[in-house]
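To be precise, the following lines are entry.cif, and they hold mmCIF, all heavy atoms.
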```cif
data_coords
loop_
_atom_site.label_atom_id
_atom_site.label_comp_id
_atom_site.auth_asym_id
_atom_site.auth_seq_id
_atom_site.Cartn_x
_atom_site.Cartn_y
_atom_site.Cartn_z
N MET A 1 28.96 -16.74 56.15
CA MET A 1 27.84 -17.52 55.62
C MET A 1 26.57 -16.66 55.54
O MET A 1 25.86 -16.71 54.56
CB MET A 1 27.64 -18.74 56.54
CG MET A 1 26.63 -19.69 56.04
SD MET A 1 27.32 -20.59 54.63
CE MET A 1 26.19 -21.88 54.52
N ARG A 2 26.33 -15.88 56.57
CA ARG A 2 25.15 -15.02 56.58
C ARG A 2 25.21 -14.01 55.43
O ARG A 2 24.20 -13.70 54.82
CB ARG A 2 25.05 -14.32 57.93
CG ARG A 2 23.83 -13.44 58.06
CD ARG A 2 23.56 -13.10 59.51
NE ARG A 2 22.56 -12.08 59.67
CZ ARG A 2 21.26 -12.25 59.49
NH1 ARG A 2 20.81 -13.42 59.14
NH2 ARG A 2 20.41 -11.26 59.66
N TYR A 3 26.40 -13.49 55.14
CA TYR A 3 26.57 -12.53 54.05
C TYR A 3 26.16 -13.16 52.72
O TYR A 3 25.48 -12.53 51.92
CB TYR A 3 28.03 -12.06 54.00
CG TYR A 3 28.30 -11.16 52.83
CD1 TYR A 3 27.89 -9.84 52.84
CD2 TYR A 3 28.94 -11.64 51.69
CE1 TYR A 3 28.11 -9.00 51.76
CE2 TYR A 3 29.18 -10.81 50.61
CZ TYR A 3 28.76 -9.50 50.65
OH TYR A 3 28.98 -8.67 49.59
N ARG A 4 26.56 -14.39 52.48
CA ARG A 4 26.18 -15.07 51.24
C ARG A 4 24.67 -15.23 51.13
O ARG A 4 24.09 -15.05 50.07
CB ARG A 4 26.84 -16.45 51.16
CG ARG A 4 28.27 -16.41 50.81
CD ARG A 4 28.80 -17.79 50.62
NE ARG A 4 30.24 -17.77 50.49
CZ ARG A 4 30.99 -18.83 50.51
NH1 ARG A 4 30.45 -20.02 50.66
NH2 ARG A 4 32.29 -18.73 50.38
N TYR A 5 24.03 -15.58 52.25
CA TYR A 5 22.58 -15.74 52.26
C TYR A 5 21.90 -14.41 51.92
O TYR A 5 21.00 -14.36 51.09
CB TYR A 5 22.12 -16.26 53.62
CG TYR A 5 20.62 -16.29 53.77
CD1 TYR A 5 19.88 -17.29 53.16
CD2 TYR A 5 19.95 -15.29 54.47
CE1 TYR A 5 18.49 -17.32 53.26
CE2 TYR A 5 18.57 -15.30 54.58
CZ TYR A 5 17.85 -16.32 53.97
OH TYR A 5 16.49 -16.34 54.07
N LEU A 6 22.35 -13.34 52.59
CA LEU A 6 21.74 -12.02 52.34
C LEU A 6 21.96 -11.57 50.90
O LEU A 6 21.07 -11.01 50.27
CB LEU A 6 22.31 -10.99 53.32
CG LEU A 6 21.91 -11.19 54.78
CD1 LEU A 6 22.64 -10.18 55.67
CD2 LEU A 6 20.41 -11.07 54.96
N THR A 7 23.16 -11.82 50.38
CA THR A 7 23.44 -11.46 48.99
C THR A 7 22.55 -12.27 48.04
O THR A 7 22.00 -11.71 47.08
CB THR A 7 24.93 -11.71 48.67
OG1 THR A 7 25.71 -10.92 49.55
CG2 THR A 7 25.25 -11.35 47.23
N ALA A 8 22.41 -13.55 48.32
CA ALA A 8 21.56 -14.39 47.47
C ALA A 8 20.11 -13.91 47.52
O ALA A 8 19.43 -13.87 46.49
CB ALA A 8 21.66 -15.85 47.92
N MET A 9 19.63 -13.53 48.69
CA MET A 9 18.25 -13.05 48.80
C MET A 9 18.07 -11.72 48.06
O MET A 9 17.06 -11.50 47.41
CB MET A 9 17.85 -12.91 50.28
CG MET A 9 17.72 -14.24 51.00
SD MET A 9 16.61 -15.40 50.16
CE MET A 9 15.05 -14.63 50.44
N ARG A 10 19.07 -10.83 48.15
CA ARG A 10 18.98 -9.55 47.42
C ARG A 10 18.96 -9.81 45.92
O ARG A 10 18.18 -9.20 45.19
CB ARG A 10 20.14 -8.64 47.80
CG ARG A 10 19.89 -7.82 49.03
CD ARG A 10 20.91 -6.72 49.17
NE ARG A 10 22.24 -7.22 49.42
CZ ARG A 10 22.76 -7.43 50.62
NH1 ARG A 10 22.05 -7.15 51.69
NH2 ARG A 10 23.98 -7.88 50.75
N ASN A 11 19.82 -10.71 45.47
CA ASN A 11 19.85 -11.05 44.05
C ASN A 11 18.52 -11.65 43.61
O ASN A 11 18.01 -11.33 42.53
CB ASN A 11 20.99 -12.01 43.74
CG ASN A 11 22.34 -11.35 43.85
OD1 ASN A 11 22.44 -10.13 43.83
ND2 ASN A 11 23.37 -12.15 43.99
N ARG A 12 17.97 -12.52 44.42
CA ARG A 12 16.68 -13.15 44.10
C ARG A 12 15.60 -12.08 44.00
O ARG A 12 14.80 -12.08 43.06
CB ARG A 12 16.34 -14.16 45.19
CG ARG A 12 15.01 -14.84 45.00
CD ARG A 12 14.76 -15.82 46.16
NE ARG A 12 13.42 -16.32 46.12
CZ ARG A 12 12.37 -15.75 46.71
NH1 ARG A 12 12.54 -14.64 47.40
NH2 ARG A 12 11.17 -16.26 46.62
N ASN A 13 15.57 -11.16 44.98
CA ASN A 13 14.55 -10.10 44.96
C ASN A 13 14.72 -9.20 43.74
O ASN A 13 13.73 -8.78 43.13
CB ASN A 13 14.62 -9.28 46.25
CG ASN A 13 14.11 -10.05 47.44
OD1 ASN A 13 13.36 -11.01 47.28
ND2 ASN A 13 14.52 -9.66 48.63
N THR A 14 15.96 -8.93 43.37
CA THR A 14 16.22 -8.11 42.18
C THR A 14 15.71 -8.81 40.94
O THR A 14 15.07 -8.20 40.08
CB THR A 14 17.73 -7.81 42.05
OG1 THR A 14 18.15 -7.10 43.22
CG2 THR A 14 18.02 -6.99 40.82
N LEU A 15 15.97 -10.11 40.84
CA LEU A 15 15.48 -10.88 39.69
C LEU A 15 13.97 -10.93 39.65
O LEU A 15 13.35 -10.82 38.59
CB LEU A 15 16.06 -12.30 39.72
CG LEU A 15 17.56 -12.40 39.45
CD1 LEU A 15 18.04 -13.83 39.69
CD2 LEU A 15 17.87 -11.96 38.04
N LEU A 16 13.34 -11.09 40.81
CA LEU A 16 11.87 -11.12 40.86
C LEU A 16 11.27 -9.79 40.44
O LEU A 16 10.28 -9.74 39.71
CB LEU A 16 11.39 -11.50 42.27
CG LEU A 16 11.62 -12.94 42.69
CD1 LEU A 16 11.25 -13.13 44.17
CD2 LEU A 16 10.82 -13.89 41.83
N ARG A 17 11.88 -8.68 40.89
CA ARG A 17 11.39 -7.36 40.48
C ARG A 17 11.55 -7.15 38.99
O ARG A 17 10.67 -6.60 38.32
CB ARG A 17 12.12 -6.26 41.25
CG ARG A 17 11.57 -6.02 42.64
CD ARG A 17 12.08 -4.72 43.23
NE ARG A 17 13.53 -4.65 43.28
CZ ARG A 17 14.29 -5.10 44.27
NH1 ARG A 17 13.73 -5.69 45.30
NH2 ARG A 17 15.60 -4.97 44.23
N ALA A 18 12.67 -7.61 38.44
CA ALA A 18 12.90 -7.47 37.00
C ALA A 18 11.87 -8.28 36.22
O ALA A 18 11.34 -7.82 35.21
CB ALA A 18 14.31 -7.92 36.65
N GLU A 19 11.58 -9.48 36.68
CA GLU A 19 10.58 -10.32 36.01
C GLU A 19 9.20 -9.69 36.09
O GLU A 19 8.44 -9.68 35.12
CB GLU A 19 10.56 -11.72 36.65
CG GLU A 19 9.60 -12.68 36.00
CD GLU A 19 9.92 -12.97 34.55
OE1 GLU A 19 11.10 -12.95 34.17
OE2 GLU A 19 8.97 -13.20 33.78
N GLN A 20 8.87 -9.12 37.25
CA GLN A 20 7.58 -8.46 37.42
C GLN A 20 7.49 -7.24 36.49
O GLN A 20 6.46 -7.00 35.86
CB GLN A 20 7.39 -8.02 38.87
CG GLN A 20 6.05 -7.39 39.14
CD GLN A 20 5.89 -6.99 40.60
OE1 GLN A 20 6.86 -6.91 41.34
NE2 GLN A 20 4.68 -6.73 41.00
N SER A 21 8.58 -6.51 36.38
CA SER A 21 8.61 -5.34 35.50
C SER A 21 8.41 -5.75 34.05
O SER A 21 7.67 -5.10 33.30
CB SER A 21 9.94 -4.60 35.67
OG SER A 21 10.01 -3.52 34.81
N ARG A 22 9.06 -6.84 33.63
CA ARG A 22 8.88 -7.33 32.25
C ARG A 22 7.43 -7.75 32.02
O ARG A 22 6.87 -7.50 30.95
CB ARG A 22 9.82 -8.49 31.98
CG ARG A 22 11.24 -8.07 31.67
CD ARG A 22 12.07 -9.21 31.12
NE ARG A 22 12.29 -10.28 32.07
CZ ARG A 22 13.26 -10.32 32.97
NH1 ARG A 22 14.12 -9.34 33.04
NH2 ARG A 22 13.38 -11.34 33.79
N ALA A 23 6.83 -8.40 33.01
CA ALA A 23 5.43 -8.82 32.86
C ALA A 23 4.51 -7.61 32.74
O ALA A 23 3.59 -7.60 31.92
CB ALA A 23 5.02 -9.70 34.05
N GLU A 24 4.76 -6.58 33.55
CA GLU A 24 3.94 -5.36 33.48
C GLU A 24 4.13 -4.68 32.13
O GLU A 24 3.16 -4.19 31.54
CB GLU A 24 4.31 -4.42 34.61
CG GLU A 24 3.86 -4.90 35.98
CD GLU A 24 4.43 -4.09 37.12
OE1 GLU A 24 5.19 -3.13 36.86
OE2 GLU A 24 4.11 -4.42 38.27
N GLN A 25 5.35 -4.64 31.64
CA GLN A 25 5.62 -4.03 30.34
C GLN A 25 4.91 -4.81 29.23
O GLN A 25 4.34 -4.22 28.32
CB GLN A 25 7.12 -4.00 30.08
CG GLN A 25 7.49 -3.31 28.79
CD GLN A 25 8.99 -3.25 28.57
OE1 GLN A 25 9.76 -3.74 29.37
NE2 GLN A 25 9.39 -2.64 27.48
N SER A 26 4.92 -6.13 29.34
CA SER A 26 4.25 -6.97 28.34
C SER A 26 2.75 -6.71 28.34
O SER A 26 2.13 -6.59 27.29
CB SER A 26 4.54 -8.44 28.63
OG SER A 26 3.85 -9.26 27.72
N ARG A 27 2.16 -6.59 29.54
CA ARG A 27 0.72 -6.29 29.63
C ARG A 27 0.42 -4.92 29.05
O ARG A 27 -0.60 -4.74 28.36
CB ARG A 27 0.25 -6.38 31.08
CG ARG A 27 0.06 -7.80 31.57
CD ARG A 27 -0.68 -7.85 32.90
NE ARG A 27 0.06 -7.22 33.98
CZ ARG A 27 0.97 -7.80 34.73
NH1 ARG A 27 1.28 -9.07 34.53
NH2 ARG A 27 1.56 -7.15 35.70
N ALA A 28 1.29 -3.95 29.29
CA ALA A 28 1.08 -2.60 28.74
C ALA A 28 1.16 -2.63 27.22
O ALA A 28 0.36 -1.99 26.53
CB ALA A 28 2.11 -1.64 29.32
N GLU A 29 2.13 -3.36 26.69
CA GLU A 29 2.26 -3.48 25.23
C GLU A 29 1.03 -4.16 24.64
O GLU A 29 0.54 -3.76 23.58
CB GLU A 29 3.52 -4.26 24.88
CG GLU A 29 4.80 -3.49 25.12
CD GLU A 29 6.05 -4.33 24.98
OE1 GLU A 29 5.94 -5.54 24.69
OE2 GLU A 29 7.14 -3.77 25.14
N GLN A 30 0.52 -5.18 25.32
CA GLN A 30 -0.67 -5.88 24.83
C GLN A 30 -1.87 -4.93 24.84
O GLN A 30 -2.66 -4.91 23.90
CB GLN A 30 -0.94 -7.11 25.70
CG GLN A 30 -2.08 -7.95 25.19
CD GLN A 30 -2.28 -9.21 26.02
OE1 GLN A 30 -1.69 -9.37 27.08
NE2 GLN A 30 -3.10 -10.11 25.54
N SER A 31 -2.00 -4.13 25.89
CA SER A 31 -3.11 -3.17 25.96
C SER A 31 -3.01 -2.15 24.84
O SER A 31 -4.02 -1.80 24.23
CB SER A 31 -3.10 -2.45 27.32
OG SER A 31 -3.43 -3.34 28.34
N ARG A 32 -1.79 -1.65 24.58
CA ARG A 32 -1.62 -0.70 23.48
C ARG A 32 -1.97 -1.33 22.14
O ARG A 32 -2.61 -0.70 21.30
CB ARG A 32 -0.18 -0.18 23.45
CG ARG A 32 0.08 0.95 24.41
CD ARG A 32 1.40 1.63 24.13
NE ARG A 32 2.55 0.77 24.26
CZ ARG A 32 3.17 0.48 25.40
NH1 ARG A 32 2.74 1.02 26.52
NH2 ARG A 32 4.23 -0.30 25.41
N ALA A 33 -1.58 -2.57 21.95
CA ALA A 33 -1.89 -3.26 20.69
C ALA A 33 -3.40 -3.42 20.53
O ALA A 33 -3.93 -3.21 19.44
CB ALA A 33 -1.20 -4.62 20.65
N GLN A 34 -4.09 -3.77 21.60
CA GLN A 34 -5.55 -3.91 21.53
C GLN A 34 -6.20 -2.56 21.25
O GLN A 34 -7.15 -2.49 20.46
CB GLN A 34 -6.08 -4.50 22.83
CG GLN A 34 -5.73 -5.96 23.01
CD GLN A 34 -6.10 -6.49 24.38
OE1 GLN A 34 -6.27 -5.74 25.33
NE2 GLN A 34 -6.21 -7.81 24.48
N ALA A 35 -5.70 -1.50 21.86
CA ALA A 35 -6.26 -0.17 21.62
C ALA A 35 -6.02 0.24 20.17
O ALA A 35 -6.91 0.82 19.53
CB ALA A 35 -5.63 0.85 22.57
N ASN A 36 -4.84 -0.06 19.65
CA ASN A 36 -4.56 0.26 18.26
C ASN A 36 -5.47 -0.50 17.31
O ASN A 36 -5.95 0.06 16.32
CB ASN A 36 -3.09 -0.04 17.93
CG ASN A 36 -2.15 0.97 18.52
OD1 ASN A 36 -2.55 2.06 18.89
ND2 ASN A 36 -0.89 0.60 18.63
N CYS A 37 -5.73 -1.76 17.61
CA CYS A 37 -6.65 -2.54 16.77
C CYS A 37 -8.05 -1.96 16.80
O CYS A 37 -8.71 -1.85 15.77
CB CYS A 37 -6.69 -4.00 17.25
SG CYS A 37 -5.23 -4.94 16.79
N ALA A 38 -8.50 -1.58 17.98
CA ALA A 38 -9.84 -1.00 18.10
C ALA A 38 -9.92 0.32 17.34
O ALA A 38 -10.90 0.59 16.64
CB ALA A 38 -10.19 -0.78 19.58
N LEU A 39 -8.88 1.14 17.46
CA LEU A 39 -8.86 2.41 16.74
C LEU A 39 -8.86 2.18 15.24
O LEU A 39 -9.60 2.83 14.50
CB LEU A 39 -7.63 3.22 17.16
CG LEU A 39 -7.44 4.56 16.48
CD1 LEU A 39 -8.62 5.48 16.81
CD2 LEU A 39 -6.14 5.20 16.93
N PHE A 40 -8.05 1.25 14.78
CA PHE A 40 -7.98 0.95 13.36
C PHE A 40 -9.35 0.47 12.86
O PHE A 40 -9.82 0.90 11.80
CB PHE A 40 -6.91 -0.12 13.08
CG PHE A 40 -6.80 -0.48 11.64
CD1 PHE A 40 -6.14 0.36 10.75
CD2 PHE A 40 -7.36 -1.65 11.16
CE1 PHE A 40 -6.04 0.04 9.40
CE2 PHE A 40 -7.26 -1.99 9.81
CZ PHE A 40 -6.60 -1.14 8.94
N ALA A 41 -9.99 -0.41 13.62
CA ALA A 41 -11.30 -0.93 13.21
C ALA A 41 -12.33 0.18 13.14
O ALA A 41 -13.14 0.24 12.19
CB ALA A 41 -11.76 -2.02 14.17
N SER A 42 -12.32 1.09 14.12
CA SER A 42 -13.30 2.18 14.09
C SER A 42 -13.01 3.14 12.93
O SER A 42 -13.94 3.63 12.29
CB SER A 42 -13.35 2.92 15.42
OG SER A 42 -12.15 3.60 15.66
N CYS A 43 -11.73 3.39 12.66
CA CYS A 43 -11.40 4.26 11.52
C CYS A 43 -11.81 3.61 10.21
O CYS A 43 -12.33 4.28 9.31
CB CYS A 43 -9.90 4.55 11.49
SG CYS A 43 -9.37 5.69 12.78
N GLU A 44 -11.59 2.31 10.11
CA GLU A 44 -11.98 1.61 8.89
C GLU A 44 -13.49 1.61 8.72
O GLU A 44 -14.00 1.77 7.61
CB GLU A 44 -11.45 0.17 8.93
CG GLU A 44 -11.38 -0.46 7.56
CD GLU A 44 -10.48 -1.67 7.58
OE1 GLU A 44 -10.98 -2.73 8.00
OE2 GLU A 44 -9.33 -1.56 7.17
N ALA A 45 -14.23 1.48 9.82
CA ALA A 45 -15.69 1.52 9.74
C ALA A 45 -16.17 2.90 9.29
O ALA A 45 -17.08 3.01 8.47
CB ALA A 45 -16.29 1.17 11.10
N LEU A 46 -15.54 3.95 9.81
CA LEU A 46 -15.91 5.30 9.39
C LEU A 46 -15.61 5.53 7.91
O LEU A 46 -16.40 6.14 7.20
CB LEU A 46 -15.17 6.34 10.24
CG LEU A 46 -15.66 6.52 11.66
CD1 LEU A 46 -14.72 7.45 12.41
CD2 LEU A 46 -17.07 7.06 11.67
N GLU A 47 -14.47 5.03 7.48
CA GLU A 47 -14.09 5.17 6.07
C GLU A 47 -15.10 4.44 5.18
O GLU A 47 -15.54 4.98 4.16
CB GLU A 47 -12.69 4.61 5.85
CG GLU A 47 -12.17 4.81 4.45
CD GLU A 47 -10.77 4.26 4.28
OE1 GLU A 47 -10.38 3.33 5.01
OE2 GLU A 47 -10.07 4.76 3.40
N THR A 48 -15.49 3.24 5.59
CA THR A 48 -16.48 2.48 4.82
C THR A 48 -17.81 3.22 4.76
O THR A 48 -18.43 3.32 3.71
CB THR A 48 -16.67 1.08 5.45
OG1 THR A 48 -15.42 0.42 5.47
CG2 THR A 48 -17.68 0.27 4.68
N GLU A 49 -18.23 3.76 5.91
CA GLU A 49 -19.49 4.51 5.96
C GLU A 49 -19.41 5.74 5.05
O GLU A 49 -20.37 6.06 4.34
CB GLU A 49 -19.76 4.93 7.40
CG GLU A 49 -21.09 5.62 7.58
CD GLU A 49 -21.35 5.97 9.04
OE1 GLU A 49 -20.87 5.24 9.92
OE2 GLU A 49 -22.03 6.98 9.27
N TYR A 50 -18.28 6.40 5.06
CA TYR A 50 -18.09 7.57 4.19
C TYR A 50 -18.24 7.19 2.72
O TYR A 50 -18.92 7.86 1.95
CB TYR A 50 -16.71 8.18 4.46
CG TYR A 50 -16.31 9.26 3.50
CD1 TYR A 50 -16.80 10.56 3.65
CD2 TYR A 50 -15.45 8.99 2.44
CE1 TYR A 50 -16.43 11.57 2.76
CE2 TYR A 50 -15.07 9.99 1.56
CZ TYR A 50 -15.57 11.28 1.71
OH TYR A 50 -15.21 12.27 0.83
N TYR A 51 -17.61 6.09 2.31
CA TYR A 51 -17.69 5.65 0.91
C TYR A 51 -19.09 5.22 0.54
O TYR A 51 -19.55 5.44 -0.59
CB TYR A 51 -16.70 4.53 0.62
CG TYR A 51 -15.28 5.04 0.51
CD1 TYR A 51 -14.28 4.50 1.30
CD2 TYR A 51 -14.95 6.03 -0.40
CE1 TYR A 51 -12.96 4.96 1.19
CE2 TYR A 51 -13.65 6.51 -0.51
CZ TYR A 51 -12.67 5.97 0.29
OH TYR A 51 -11.39 6.41 0.20
N ILE A 52 -19.82 4.61 1.47
CA ILE A 52 -21.20 4.19 1.19
C ILE A 52 -22.08 5.41 1.00
O ILE A 52 -22.89 5.47 0.06
CB ILE A 52 -21.72 3.28 2.33
CG1 ILE A 52 -21.01 1.93 2.30
CG2 ILE A 52 -23.23 3.11 2.23
CD1 ILE A 52 -21.30 1.06 3.49
N ARG A 53 -21.93 6.41 1.86
CA ARG A 53 -22.75 7.60 1.75
C ARG A 53 -22.45 8.42 0.50
O ARG A 53 -23.33 8.92 -0.16
CB ARG A 53 -22.52 8.51 2.96
CG ARG A 53 -23.27 8.09 4.17
CD ARG A 53 -23.23 9.19 5.18
NE ARG A 53 -23.45 8.66 6.50
CZ ARG A 53 -23.22 9.31 7.61
NH1 ARG A 53 -22.77 10.56 7.56
NH2 ARG A 53 -23.46 8.77 8.76
N ASP A 54 -21.16 8.56 0.24
CA ASP A 54 -20.77 9.45 -0.86
C ASP A 54 -20.60 8.70 -2.19
O ASP A 54 -20.23 9.31 -3.19
CB ASP A 54 -19.49 10.19 -0.51
CG ASP A 54 -19.72 11.16 0.64
OD1 ASP A 54 -20.88 11.47 0.92
OD2 ASP A 54 -18.74 11.59 1.26
N GLY A 55 -20.86 7.41 -2.14
CA GLY A 55 -20.91 6.61 -3.34
C GLY A 55 -19.63 6.53 -4.08
O GLY A 55 -19.46 6.30 -5.18
#
```
Starting from the file, give its structure as structure tokens.
Amino acid sequence: MRYRYLTAMRNRNTLLRAEQSRAEQSRAEQSRAQANCALFASCEALETEYYIRDG
């Protein structure tokens, strides 16, 4: 009986770590997406400024 309990707890901990890892990966992907949007916006602003200056 004790073996089943320990196995269940190990499985539970493994599942919790996997869920935490997925959440961290999701946050990292979201941060990269936000950085890409900011970079794109700044590049677009520079391009617009270039066209305004050079007519």
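The interatomic distance for the pair CA of Ala18 (chain A) and CA of Ala33 (chain A) works out to 22.4 Å.
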What is the atom C of Arg10 (chain A)-atom N of Glu24 (chain A) distance in Å, reported with one decimal?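 Distance between the two atoms: 19.1 Å.
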Between CA of Met1 (chain A) and OE1 of Glu19 (chain A), what distance in Å does the model show, to one decimal?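 Atom-to-atom, CA of Met1 (chain A) to OE1 of Glu19 (chain A), that is 27.6 Å.
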